[in-house]
Each structure stands twice: as C-alpha cells, then as structure tokens.
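Engineer: A single structure is presented below for examination.
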There are 2 protein chains.
Amino acid sequence: MTNTATIDRKSAERAARQELILQGALAVFKEKGLEGAKIDEIARVSGFGKATLYYYFTSKEEIFSALLLHGWLSLWHELEEIAVGGDSPRATFISMLKKIAEMVNTDRPLYEFLFQAPQSYTREENERSEWKAYQNRLYKVLMELIEQGIKQGEFPQMEPRLIMKAMGGLFHGLVFLGKDRDTITENEIEEMLGSLLG
Amino acid sequence: MTNTATIDRKSAERAARQELILQGALAVFKEKGLEGAKIDEIARVSGFGKATLYYYFTSKEEIFSALLLHGWLSLWHELEEIAVGGDSPRATFISMLKKIAEMVNTDRPLYEFLFQAPQSYTREENERSEWKAYQNRLYKVLMELIEQGIKQGEFPQMEPRLIMKAMGGLFHGLVFLGKDRDTITENEIEEMLGSLLG
DNA sequence: CGATAATTCGAACCGCGGGTCGAATTATAG
DNA sequence: CTATAATTCGACCCGCGGTTCGAATTATCG
C-alpha cells in the first residue's frame, strides 16, 4: 500500500507538471495567437510528448480553461482587497482599474490572454467555465460601484450600463490597443478616467 | 463571336452573383462568428453549390477580403466628405465618429464584421489586402485631426497616440461592447467624447 | 440545330490538427 | 529482485473543412 507522504509528493509533482504545461501553452499563445496554438507545439515548447499532455489534461480546452482560471484567481486575489477597502465608489473604481493595469504590466502575455480569449472563446456552451464566475464577479462589482457612484454624484448622471461600456472600452483601449506594447502608466490611466468622469 | 452587349450583361450577372455570395457569407458570419463560418454553409445560405463559390472566388479568404473591401469602401465614401469639410479638427473628429456610429446602426452585422475581423484575421501576410489601405487611411486621418487639435488647444495636451487609443477604445466600447445590441445614439457618442476631451 | 463555351454542383480528395493506443521506460512496494 | 502501478511518448487514427474534379446542364452563336 502506498504511504501518505509519497502520495503528497506525487500529487505535488503532478501539479508542478501541469504548471509547466500551462507555461508552455501561454508561451505558444503569446507567439501564435489563440487560433494558431496547436497542441503539438505546446507539447514541444513545454518539453513533454504530445500524449503526456493528455495524461495531465483531458482536452485542449481544459488547458486553456485552467490557464484562464489561474489568471483570474491571481487577478481577483489582488482586486478583492481593494473592493472591500471601504473607499468611496469612485476611488475604489479607479483603484481597481489601476491595479488591473499594474497586473497587466507585470505579465502582459497572461493578461492579454485573459482579456482576449473570452470573446473568441465564449462561443458555445463553455459558458459555465469556472473562470467565467470571476469575470462575472468583477463585472458585477464594477457595475455596483458605478451605480453607487452615480447616486452619490461622483459619476456623471447617465445610464450605468453606458458608463460601464465607456469605461471598459477606454480602459481596454489604453491598455491593449496598438502594436506598440508600451506599458501604460497608472498615472495615465487615472488622468484619462478622471477626465471622462468629470 | 460574342457581342459586346452580351459581355456586359454577363459580367453584370457575374457581379450580381458575387454579391449574393457575399450577402450569404455575411449572414453566416453574423450567425456563427468568424471562425464558425464554413463554406458549406455559406454555399447553402447563398443558394449555390459549394463548387460554384470557387467559380466566383478563388478562396474563402478572398470572399472575406471582398466583404471587407465592400464595407470599407462604403464607409469611406461617407467619411470622405466630412474629412475634407474644413471644420475645426475637433468638430471634424467628432463628426466622423458620429457618422461611423450612424453607419453601424444601419447595418450592424456588416460593420461588426468590419471592426472585428481585422484583429482575428490580420495574422499572417494578408497585410497588404486592399481593404487594409482604407483602414490605415482612416487611422491616419483621425490621428492627424488629433495632432491638429492639440496644437489648437481643442484637445488635451497629451501624447496623440494615447488620445487615439483612449478615443478608439471608448468608441469601440460604446458601439460594440455588451450582449445587448442597443443601437447607440449619436448624442450619447457626442456626450462621452466631449466629456473625455474636456 | 449543332458546336462550343459558360455555369453549376455533388462527390471525392487531402492536409491539418485534436485526440488515442500500445508499447516502453521508470518509479514504488513488498 | 520481482511484480505492479505510474508515467512517457511517437505513431497512428479520424473527422472536419477547404479545395478540386469531372460530369451534367444551360446559354450563346453561326
């Protein structure tokens, strides 16, 4: 019978290998884009045989889902503190977006994947993917901040949904648009948001 | 020997059939998204046999390129007048974006395709597609308006590129973001842009 | 009408890429 | 050391979908 310590080590090694595969997948995605990411290449880059990938994951989609979940977990981990910080809606809202920008600057490929993949991948039934919950939670929190902010006169008196679209688009444009991948500074984010919010 | 009138009619019919195929392609794209658009279905929807499509177009990509070119041509046709209208940079800039929004509202599937496809499709060497020229021209004109506007104090004193990203993102967010495909009003566009531009 | 060119189309082709198989290698247990 | 389980992997499988083939149908013209 296998002893407990061995089982722990085994499962740790298993997790570590899954991690390696995810790193490889991210590298390939960064290089070739979501569509151009073939598992043969993910296998090659991560240093495993193709079949081994399927020993650790059941499908290509699971690999991407795991990557997405990782990203959203770490992002949400950072955002949660700010969200419950108790600052005014407007200050909280801006802080959260600044924090996201900061995270993006630390690991651009990961977060590019995080914010690009959903729209290309949300087709079909993988709606109830685990990572999706975090995306929804973030959306909800930001939306509530806007609604609160409007009540308190910190935001323009417009439809919340419209403000959300505007801020989302603005943020996305600043952080992700353009061939030049200059890291955007938090100051620039703040300046733009402040300008739009009056 | 084939007479001239017949040749004209023939080529007109050919163009008309190409048009039908493009309509079908757009319908399928609207329904299934860029990735999910199979030629079998485009053939079915447009009412031709699959092989007939290849009698009128050399490849799937050519179909999409033709669609893109059509869209950009009609869009540019509308924008050109405004661009050379001689109004102030800021007024011209806002008018152009409002006009684009107006066009989007008249034929959402087409313009969604127009603004969505490039990023998913620009991979590879089809850089010098014909439609790309129009996209670049639009970008250039808007960029110049921003630069002029900054000089004349009509825009915030910031890097033009940054303003471009912000405005582009904001516009895109307002017009395309969200599941709800409410047509956005020109007033809302103007209000948001004005707010951001101070 | 008869000959030739234009048009249409379903069947077949074929490369790509996700997923599986079975054998080989390595680790663990007793 | 032996038996068994865990892990690895290249070769193969197979469906999907873009493209092509060849035959059939239809239009054009003298």
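Chains: A, B, ... in order of the structure tokens. Residues: from 1 per chain. Ligands: from 1, in order shown.
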Excluding stretch 140-146 of chain A and any residue of its chain fewer than 3 positions from it, enumerate the residues within 9 Å of it, using only C-alpha atoms (C1' of nucleotides), and give them as an mmCIF file with C-alpha atoms, in the first residue's frame.

Structural biologist:
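Saved to selection-v6.cif:
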```cif
data_model
loop_
_atom_site.group_PDB
_atom_site.id
_atom_site.type_symbol
_atom_site.label_atom_id
_atom_site.label_comp_id
_atom_site.auth_asym_id
_atom_site.auth_seq_id
_atom_site.Cartn_x
_atom_site.Cartn_y
_atom_site.Cartn_z
ATOM 1 C CA ALA A 83 -13.003 46.087 -3.476
ATOM 2 C CA SER A 88 -15.674 55.916 -1.944
ATOM 3 C CA PRO A 89 -17.142 54.232 -5.035
ATOM 4 C CA ARG A 90 -15.212 56.437 -7.392
ATOM 5 C CA THR A 92 -12.422 52.257 -5.384
ATOM 6 C CA PHE A 93 -13.374 52.042 -9.040
ATOM 7 C CA MET A 96 -9.280 48.683 -9.222
ATOM 8 C CA GLN A 135 -15.148 37.520 -14.782
ATOM 9 C CA ASN A 136 -18.778 37.972 -13.868
ATOM 10 C CA ARG A 137 -17.915 38.870 -10.320
ATOM 11 C CA GLY A 149 -21.107 56.495 -7.544
ATOM 12 C CA ILE A 150 -23.948 57.882 -9.586
ATOM 13 C CA LYS A 151 -26.178 58.099 -6.536
ATOM 14 C CA GLU A 154 -19.334 61.041 -8.073
ATOM 15 C CA PHE A 155 -20.158 59.811 -11.545
ATOM 16 C CA PRO A 160 -24.810 52.869 -15.580
ATOM 17 C CA ARG A 161 -24.547 50.394 -18.425
ATOM 18 C CA ILE A 163 -20.774 54.331 -18.356
ATOM 19 C CA MET A 164 -19.614 50.769 -17.935
#
```

Engineer: All in-order C-alpha pairs, least squares, chain B moved onto chain A. Output the fitted coordinates as a short mmCIF file (atom, residue, chain, number, x, y, z; two decimals) with C-alpha atoms, in the first residue's frame, please.

Structural biologist:
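Dumped everything to selection26.cif:
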```cif
data_model
loop_
_atom_site.label_atom_id
_atom_site.label_comp_id
_atom_site.auth_asym_id
_atom_site.auth_seq_id
_atom_site.Cartn_x
_atom_site.Cartn_y
_atom_site.Cartn_z
CA MET B 1 0.30 0.02 -0.04
CA THR B 2 1.48 3.46 -1.00
CA ASN B 3 2.29 5.66 1.97
CA THR B 4 0.81 9.09 2.52
CA ALA B 5 3.97 11.12 2.12
CA THR B 6 4.57 9.56 -1.27
CA ILE B 7 1.04 10.36 -2.35
CA ASP B 8 1.56 13.99 -1.38
CA ARG B 9 4.80 14.24 -3.28
CA LYS B 10 3.24 12.59 -6.30
CA SER B 11 0.34 14.96 -6.45
CA ALA B 12 2.70 17.87 -5.96
CA GLU B 13 4.76 16.66 -8.89
CA ARG B 14 1.62 16.24 -10.91
CA ALA B 15 0.61 19.81 -10.14
CA ALA B 16 4.09 21.03 -10.99
CA ARG B 17 3.96 19.32 -14.38
CA GLN B 18 0.56 20.76 -15.07
CA GLU B 19 2.07 24.11 -14.27
CA LEU B 20 4.87 23.55 -16.76
CA ILE B 21 2.36 22.66 -19.44
CA LEU B 22 0.38 25.80 -18.72
CA GLN B 23 3.53 27.88 -19.01
CA GLY B 24 4.24 26.31 -22.37
CA ALA B 25 0.70 26.89 -23.53
CA LEU B 26 0.90 30.53 -22.56
CA ALA B 27 4.19 30.94 -24.39
CA VAL B 28 2.75 29.43 -27.53
CA PHE B 29 -0.37 31.52 -27.28
CA LYS B 30 1.76 34.62 -26.88
CA GLU B 31 3.72 33.65 -29.98
CA LYS B 32 1.00 32.35 -32.26
CA GLY B 33 -2.25 33.73 -30.96
CA LEU B 34 -5.23 31.79 -29.72
CA GLU B 35 -6.09 30.17 -33.04
CA GLY B 36 -2.53 29.34 -33.98
CA ALA B 37 -1.77 27.48 -30.80
CA LYS B 38 -1.46 23.79 -31.74
CA ILE B 39 -0.99 21.16 -29.08
CA ASP B 40 1.95 19.69 -30.94
CA GLU B 41 3.77 22.93 -30.35
CA ILE B 42 2.56 23.33 -26.80
CA ALA B 43 3.96 19.85 -26.17
CA ARG B 44 7.26 20.73 -27.82
CA VAL B 45 7.65 24.02 -25.96
CA SER B 46 6.68 22.63 -22.59
CA GLY B 47 9.06 19.71 -23.11
CA PHE B 48 6.62 16.81 -23.00
CA GLY B 49 5.38 14.33 -25.52
CA LYS B 50 2.06 15.16 -27.07
CA ALA B 51 0.29 12.23 -25.45
CA THR B 52 1.63 13.23 -22.05
CA LEU B 53 -0.39 16.41 -22.22
CA TYR B 54 -3.48 14.26 -22.35
CA TYR B 55 -2.28 12.40 -19.30
CA TYR B 56 -2.50 15.68 -17.38
CA PHE B 57 -5.39 17.35 -19.14
CA THR B 58 -8.40 15.82 -20.81
CA SER B 59 -8.50 18.23 -23.73
CA LYS B 60 -7.04 21.33 -25.27
CA GLU B 61 -9.93 23.32 -23.98
CA GLU B 62 -9.24 22.20 -20.44
CA ILE B 63 -5.71 23.51 -20.77
CA PHE B 64 -7.00 26.91 -21.75
CA SER B 65 -9.65 26.87 -19.07
CA ALA B 66 -7.05 26.07 -16.45
CA LEU B 67 -4.89 28.91 -17.72
CA LEU B 68 -7.82 31.28 -17.59
CA LEU B 69 -8.75 30.18 -14.11
CA HIS B 70 -5.19 30.67 -12.88
CA GLY B 71 -5.16 34.17 -14.27
CA TRP B 72 -8.51 35.21 -12.90
CA LEU B 73 -7.70 33.78 -9.50
CA SER B 74 -4.51 35.75 -9.13
CA LEU B 75 -6.14 38.87 -10.51
CA TRP B 76 -9.10 38.58 -8.21
CA HIS B 77 -6.84 37.92 -5.28
CA GLU B 78 -5.35 41.36 -5.80
CA LEU B 79 -8.62 43.11 -6.52
CA GLU B 80 -10.58 41.71 -3.61
CA GLU B 81 -8.69 43.74 -1.05
CA ILE B 82 -9.39 46.94 -2.90
CA ALA B 83 -13.03 46.08 -3.48
CA VAL B 84 -13.75 45.71 0.21
CA GLY B 85 -11.45 48.54 1.24
CA GLY B 86 -14.31 50.88 2.05
CA ASP B 87 -13.17 53.85 0.01
CA SER B 88 -15.66 55.91 -1.94
CA PRO B 89 -17.15 54.25 -5.04
CA ARG B 90 -15.20 56.45 -7.39
CA ALA B 91 -11.89 56.00 -5.61
CA THR B 92 -12.44 52.27 -5.39
CA PHE B 93 -13.38 52.05 -9.04
CA ILE B 94 -10.28 53.90 -10.16
CA SER B 95 -8.04 51.95 -7.82
CA MET B 96 -9.30 48.69 -9.22
CA LEU B 97 -8.65 49.67 -12.79
CA LYS B 98 -5.22 50.96 -11.87
CA LYS B 99 -4.48 47.67 -10.15
CA ILE B 100 -5.54 45.73 -13.22
CA ALA B 101 -3.26 47.85 -15.36
CA GLU B 102 -0.46 47.21 -12.92
CA MET B 103 -1.03 43.47 -13.12
CA VAL B 104 -1.08 43.61 -16.89
CA ASN B 105 2.28 45.32 -16.86
CA THR B 106 3.77 42.55 -14.74
CA ASP B 107 2.69 39.71 -17.01
CA ARG B 108 1.36 41.02 -20.28
CA PRO B 109 1.01 37.72 -22.16
CA LEU B 110 -1.07 36.22 -19.39
CA TYR B 111 -3.46 39.11 -19.10
CA GLU B 112 -3.68 39.65 -22.80
CA PHE B 113 -4.79 36.06 -22.96
CA LEU B 114 -7.17 36.68 -20.09
CA PHE B 115 -8.91 39.59 -21.75
CA GLN B 116 -8.64 38.44 -25.35
CA ALA B 117 -9.61 34.79 -25.09
CA PRO B 118 -13.10 35.18 -23.68
CA GLN B 119 -14.58 36.88 -26.71
CA SER B 120 -13.05 34.42 -29.15
CA TYR B 121 -13.75 31.49 -26.94
CA THR B 122 -17.05 32.26 -25.27
CA ARG B 123 -18.85 30.75 -28.24
CA GLU B 124 -20.72 27.62 -27.25
CA GLU B 125 -21.54 26.00 -24.01
CA ASN B 126 -18.39 26.57 -22.00
CA GLU B 127 -20.31 29.45 -20.48
CA ARG B 128 -20.23 27.93 -17.04
CA SER B 129 -16.48 27.56 -17.03
CA GLU B 130 -15.08 28.17 -13.64
CA TRP B 131 -13.13 31.24 -14.62
CA LYS B 132 -16.26 32.80 -16.00
CA ALA B 133 -17.55 33.22 -12.47
CA TYR B 134 -14.66 35.52 -11.66
CA GLN B 135 -15.16 37.54 -14.79
CA ASN B 136 -18.80 38.01 -13.87
CA ARG B 137 -17.94 38.90 -10.33
CA LEU B 138 -15.55 41.60 -11.49
CA TYR B 139 -18.16 42.95 -13.86
CA LYS B 140 -20.75 43.00 -11.12
CA VAL B 141 -18.53 44.77 -8.61
CA LEU B 142 -17.57 47.46 -11.09
CA MET B 143 -21.17 47.92 -12.10
CA GLU B 144 -22.25 48.35 -8.50
CA LEU B 145 -19.52 50.88 -7.89
CA ILE B 146 -20.79 52.88 -10.83
CA GLU B 147 -24.35 52.75 -9.56
CA GLN B 148 -23.29 53.82 -6.09
CA GLY B 149 -21.12 56.53 -7.53
CA ILE B 150 -23.96 57.94 -9.58
CA LYS B 151 -26.19 58.15 -6.54
CA GLN B 152 -23.49 59.99 -4.63
CA GLY B 153 -22.87 62.36 -7.51
CA GLU B 154 -19.33 61.08 -8.05
CA PHE B 155 -20.14 59.85 -11.56
CA PRO B 156 -21.96 61.56 -14.42
CA GLN B 157 -25.73 61.21 -14.30
CA MET B 158 -26.08 58.69 -17.11
CA GLU B 159 -27.19 55.12 -17.58
CA PRO B 160 -24.79 52.92 -15.59
CA ARG B 161 -24.57 50.45 -18.43
CA LEU B 162 -23.42 53.17 -20.78
CA ILE B 163 -20.78 54.38 -18.37
CA MET B 164 -19.64 50.81 -17.94
CA LYS B 165 -19.23 50.37 -21.68
CA ALA B 166 -17.40 53.64 -21.99
CA MET B 167 -15.00 52.94 -19.15
CA GLY B 168 -14.45 49.38 -20.24
CA GLY B 169 -13.69 50.42 -23.78
CA LEU B 170 -11.47 53.28 -22.69
CA PHE B 171 -9.51 51.06 -20.35
CA HIS B 172 -9.16 48.33 -22.91
CA GLY B 173 -8.00 50.82 -25.51
CA LEU B 174 -5.37 52.32 -23.25
CA VAL B 175 -4.00 49.03 -22.04
CA PHE B 176 -4.26 46.72 -25.01
CA LEU B 177 -4.66 48.68 -28.22
CA GLY B 178 -1.89 49.31 -30.67
CA LYS B 179 1.07 47.37 -31.94
CA ASP B 180 3.36 49.19 -29.58
CA ARG B 181 3.14 47.37 -26.33
CA ASP B 182 4.29 50.27 -24.20
CA THR B 183 3.40 49.62 -20.64
CA ILE B 184 0.78 52.15 -19.73
CA THR B 185 1.44 54.07 -16.53
CA GLU B 186 -1.06 54.20 -13.74
CA ASN B 187 -0.98 57.96 -13.89
CA GLU B 188 -2.14 57.94 -17.47
CA ILE B 189 -5.00 55.65 -16.56
CA GLU B 190 -6.01 57.91 -13.73
CA GLU B 191 -5.80 61.03 -15.84
CA MET B 192 -7.98 59.58 -18.57
CA LEU B 193 -10.57 58.15 -16.24
CA GLY B 194 -10.71 61.34 -14.26
CA SER B 195 -11.16 63.32 -17.42
CA LEU B 196 -14.05 61.16 -18.57
CA LEU B 197 -15.71 61.17 -15.17
CA GLY B 198 -15.52 64.93 -14.89
#
```

Engineer: Could the residues of chain C within 10 Å of chain B, counting only C-alpha atoms (C1' of nucleotides), be given as an NGL selection string, please?

Structural biologist: :C and (6-10)

Engineer: Could you take the residues named above and write them with N, CA and C atoms (P, O5', C5', C4', C3', O3' and C1' of nucleotides), as a CSV table (one decimal), in the first residue's frame?

Structural biologist:
```csv
chain,number,residue,atom,x,y,z
C,6,DA,P,-16.0,30.8,-72.3
C,6,DA,O5',-17.3,30.7,-71.4
C,6,DA,C5',-18.4,31.5,-71.8
C,6,DA,C4',-19.6,31.2,-70.8
C,6,DA,C3',-19.2,31.3,-69.3
C,6,DA,O3',-20.3,32.0,-68.7
C,6,DA,C1',-20.1,29.2,-69.7
C,7,DT,P,-20.1,32.5,-67.2
C,7,DT,O5',-20.9,31.3,-66.4
C,7,DT,C5',-22.2,31.1,-66.7
C,7,DT,C4',-22.7,29.9,-66.0
C,7,DT,C3',-22.4,29.8,-64.5
C,7,DT,O3',-23.7,29.9,-63.8
C,7,DT,C1',-22.0,27.7,-65.5
C,8,DT,P,-23.7,29.9,-62.2
C,8,DT,O5',-23.9,28.4,-61.9
C,8,DT,C5',-25.1,27.7,-62.4
C,8,DT,C4',-25.1,26.3,-61.9
C,8,DT,C3',-24.7,26.1,-60.5
C,8,DT,O3',-25.8,25.4,-59.8
C,8,DT,C1',-23.5,24.6,-61.8
C,9,DC,P,-25.9,25.4,-58.3
C,9,DC,O5',-25.3,23.9,-58.0
C,9,DC,C5',-25.8,22.8,-58.7
C,9,DC,C4',-25.0,21.6,-58.4
C,9,DC,C3',-24.6,21.5,-57.0
C,9,DC,O3',-25.0,20.3,-56.4
C,9,DC,C1',-22.8,21.1,-58.5
C,10,DG,P,-25.4,20.2,-54.9
C,10,DG,O5',-25.0,18.6,-54.7
C,10,DG,C5',-25.5,17.7,-55.7
C,10,DG,C4',-24.5,16.6,-55.8
C,10,DG,C3',-24.1,15.9,-54.5
C,10,DG,O3',-24.0,14.5,-54.6
C,10,DG,C1',-22.2,16.8,-55.6
```

Engineer: Write out as a ChimeraX atom specification all residues of stretch 14-145 of chain A that DSSP puts in helix (DSSP H, G or I) for this structure's backbone.

Structural biologist: /A:14-32,39-46,50-56,60-83,89-106,108-121,126-128,130-145

Engineer: Would you put the residues from that selection into a file with C-alpha atoms, as a CSV table (one decimal), in the first residue's frame?

Structural biologist:
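Printed below is result11.csv as written:
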```
chain,number,residue,atom,x,y,z
A,14,ARG,CA,1.6,16.3,-10.9
A,15,ALA,CA,0.6,19.8,-10.1
A,16,ALA,CA,4.1,21.1,-11.0
A,17,ARG,CA,4.0,19.4,-14.4
A,18,GLN,CA,0.6,20.8,-15.1
A,19,GLU,CA,2.1,24.1,-14.3
A,20,LEU,CA,4.9,23.6,-16.8
A,21,ILE,CA,2.4,22.7,-19.4
A,22,LEU,CA,0.4,25.8,-18.7
A,23,GLN,CA,3.5,27.9,-19.0
A,24,GLY,CA,4.2,26.3,-22.4
A,25,ALA,CA,0.7,26.9,-23.5
A,26,LEU,CA,0.9,30.5,-22.6
A,27,ALA,CA,4.2,30.9,-24.4
A,28,VAL,CA,2.7,29.4,-27.6
A,29,PHE,CA,-0.4,31.5,-27.3
A,30,LYS,CA,1.7,34.6,-26.9
A,31,GLU,CA,3.7,33.6,-30.0
A,32,LYS,CA,1.0,32.4,-32.3
A,39,ILE,CA,-1.1,21.2,-29.1
A,40,ASP,CA,1.9,19.7,-30.9
A,41,GLU,CA,3.7,22.9,-30.4
A,42,ILE,CA,2.5,23.3,-26.8
A,43,ALA,CA,3.9,19.9,-26.2
A,44,ARG,CA,7.2,20.7,-27.9
A,45,VAL,CA,7.6,24.0,-26.0
A,46,SER,CA,6.7,22.6,-22.6
A,50,LYS,CA,2.0,15.1,-27.0
A,51,ALA,CA,0.3,12.2,-25.4
A,52,THR,CA,1.7,13.2,-22.0
A,53,LEU,CA,-0.3,16.4,-22.2
A,54,TYR,CA,-3.4,14.3,-22.3
A,55,TYR,CA,-2.2,12.4,-19.3
A,56,TYR,CA,-2.5,15.7,-17.4
A,60,LYS,CA,-7.0,21.4,-25.3
A,61,GLU,CA,-9.9,23.4,-24.0
A,62,GLU,CA,-9.2,22.2,-20.4
A,63,ILE,CA,-5.7,23.5,-20.8
A,64,PHE,CA,-7.0,26.9,-21.8
A,65,SER,CA,-9.6,26.9,-19.1
A,66,ALA,CA,-7.0,26.1,-16.4
A,67,LEU,CA,-4.9,28.9,-17.7
A,68,LEU,CA,-7.8,31.3,-17.6
A,69,LEU,CA,-8.7,30.2,-14.1
A,70,HIS,CA,-5.2,30.7,-12.9
A,71,GLY,CA,-5.1,34.2,-14.3
A,72,TRP,CA,-8.5,35.2,-12.9
A,73,LEU,CA,-7.7,33.8,-9.5
A,74,SER,CA,-4.5,35.8,-9.1
A,75,LEU,CA,-6.1,38.9,-10.5
A,76,TRP,CA,-9.1,38.6,-8.2
A,77,HIS,CA,-6.8,37.9,-5.3
A,78,GLU,CA,-5.3,41.4,-5.8
A,79,LEU,CA,-8.6,43.1,-6.5
A,80,GLU,CA,-10.5,41.7,-3.6
A,81,GLU,CA,-8.7,43.8,-1.0
A,82,ILE,CA,-9.4,46.9,-2.9
A,83,ALA,CA,-13.0,46.1,-3.5
A,89,PRO,CA,-17.1,54.2,-5.0
A,90,ARG,CA,-15.2,56.4,-7.4
A,91,ALA,CA,-11.9,56.0,-5.6
A,92,THR,CA,-12.4,52.3,-5.4
A,93,PHE,CA,-13.4,52.0,-9.0
A,94,ILE,CA,-10.3,53.9,-10.2
A,95,SER,CA,-8.0,52.0,-7.8
A,96,MET,CA,-9.3,48.7,-9.2
A,97,LEU,CA,-8.6,49.7,-12.8
A,98,LYS,CA,-5.2,51.0,-11.9
A,99,LYS,CA,-4.5,47.7,-10.2
A,100,ILE,CA,-5.5,45.7,-13.2
A,101,ALA,CA,-3.2,47.9,-15.4
A,102,GLU,CA,-0.4,47.2,-12.9
A,103,MET,CA,-1.0,43.5,-13.1
A,104,VAL,CA,-1.1,43.6,-16.9
A,105,ASN,CA,2.3,45.3,-16.9
A,106,THR,CA,3.8,42.6,-14.8
A,108,ARG,CA,1.4,41.1,-20.3
A,109,PRO,CA,1.0,37.7,-22.2
A,110,LEU,CA,-1.0,36.2,-19.4
A,111,TYR,CA,-3.4,39.1,-19.1
A,112,GLU,CA,-3.7,39.7,-22.8
A,113,PHE,CA,-4.8,36.1,-23.0
A,114,LEU,CA,-7.2,36.7,-20.1
A,115,PHE,CA,-8.9,39.6,-21.8
A,116,GLN,CA,-8.7,38.4,-25.3
A,117,ALA,CA,-9.6,34.8,-25.1
A,118,PRO,CA,-13.1,35.2,-23.7
A,119,GLN,CA,-14.6,36.9,-26.7
A,120,SER,CA,-13.1,34.4,-29.2
A,121,TYR,CA,-13.8,31.5,-26.9
A,126,ASN,CA,-18.4,26.6,-22.1
A,127,GLU,CA,-20.3,29.4,-20.5
A,128,ARG,CA,-20.2,27.9,-17.1
A,130,GLU,CA,-15.1,28.1,-13.7
A,131,TRP,CA,-13.1,31.2,-14.6
A,132,LYS,CA,-16.2,32.8,-16.0
A,133,ALA,CA,-17.5,33.2,-12.5
A,134,TYR,CA,-14.7,35.5,-11.7
A,135,GLN,CA,-15.1,37.5,-14.8
A,136,ASN,CA,-18.8,38.0,-13.9
A,137,ARG,CA,-17.9,38.9,-10.3
A,138,LEU,CA,-15.5,41.6,-11.5
A,139,TYR,CA,-18.1,42.9,-13.9
A,140,LYS,CA,-20.7,43.0,-11.1
A,141,VAL,CA,-18.5,44.7,-8.6
A,142,LEU,CA,-17.6,47.4,-11.1
A,143,MET,CA,-21.2,47.9,-12.1
A,144,GLU,CA,-22.2,48.3,-8.5
A,145,LEU,CA,-19.5,50.9,-7.9
```

Engineer: Which residues of chain D are close to chain A, meaning at most 9 Å apart when you count only C-alpha atoms (C1' of nucleotides), and how do they look as a list in words?

Structural biologist: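 Result: DT7, DT8, DC9 and DG10 of chain D.
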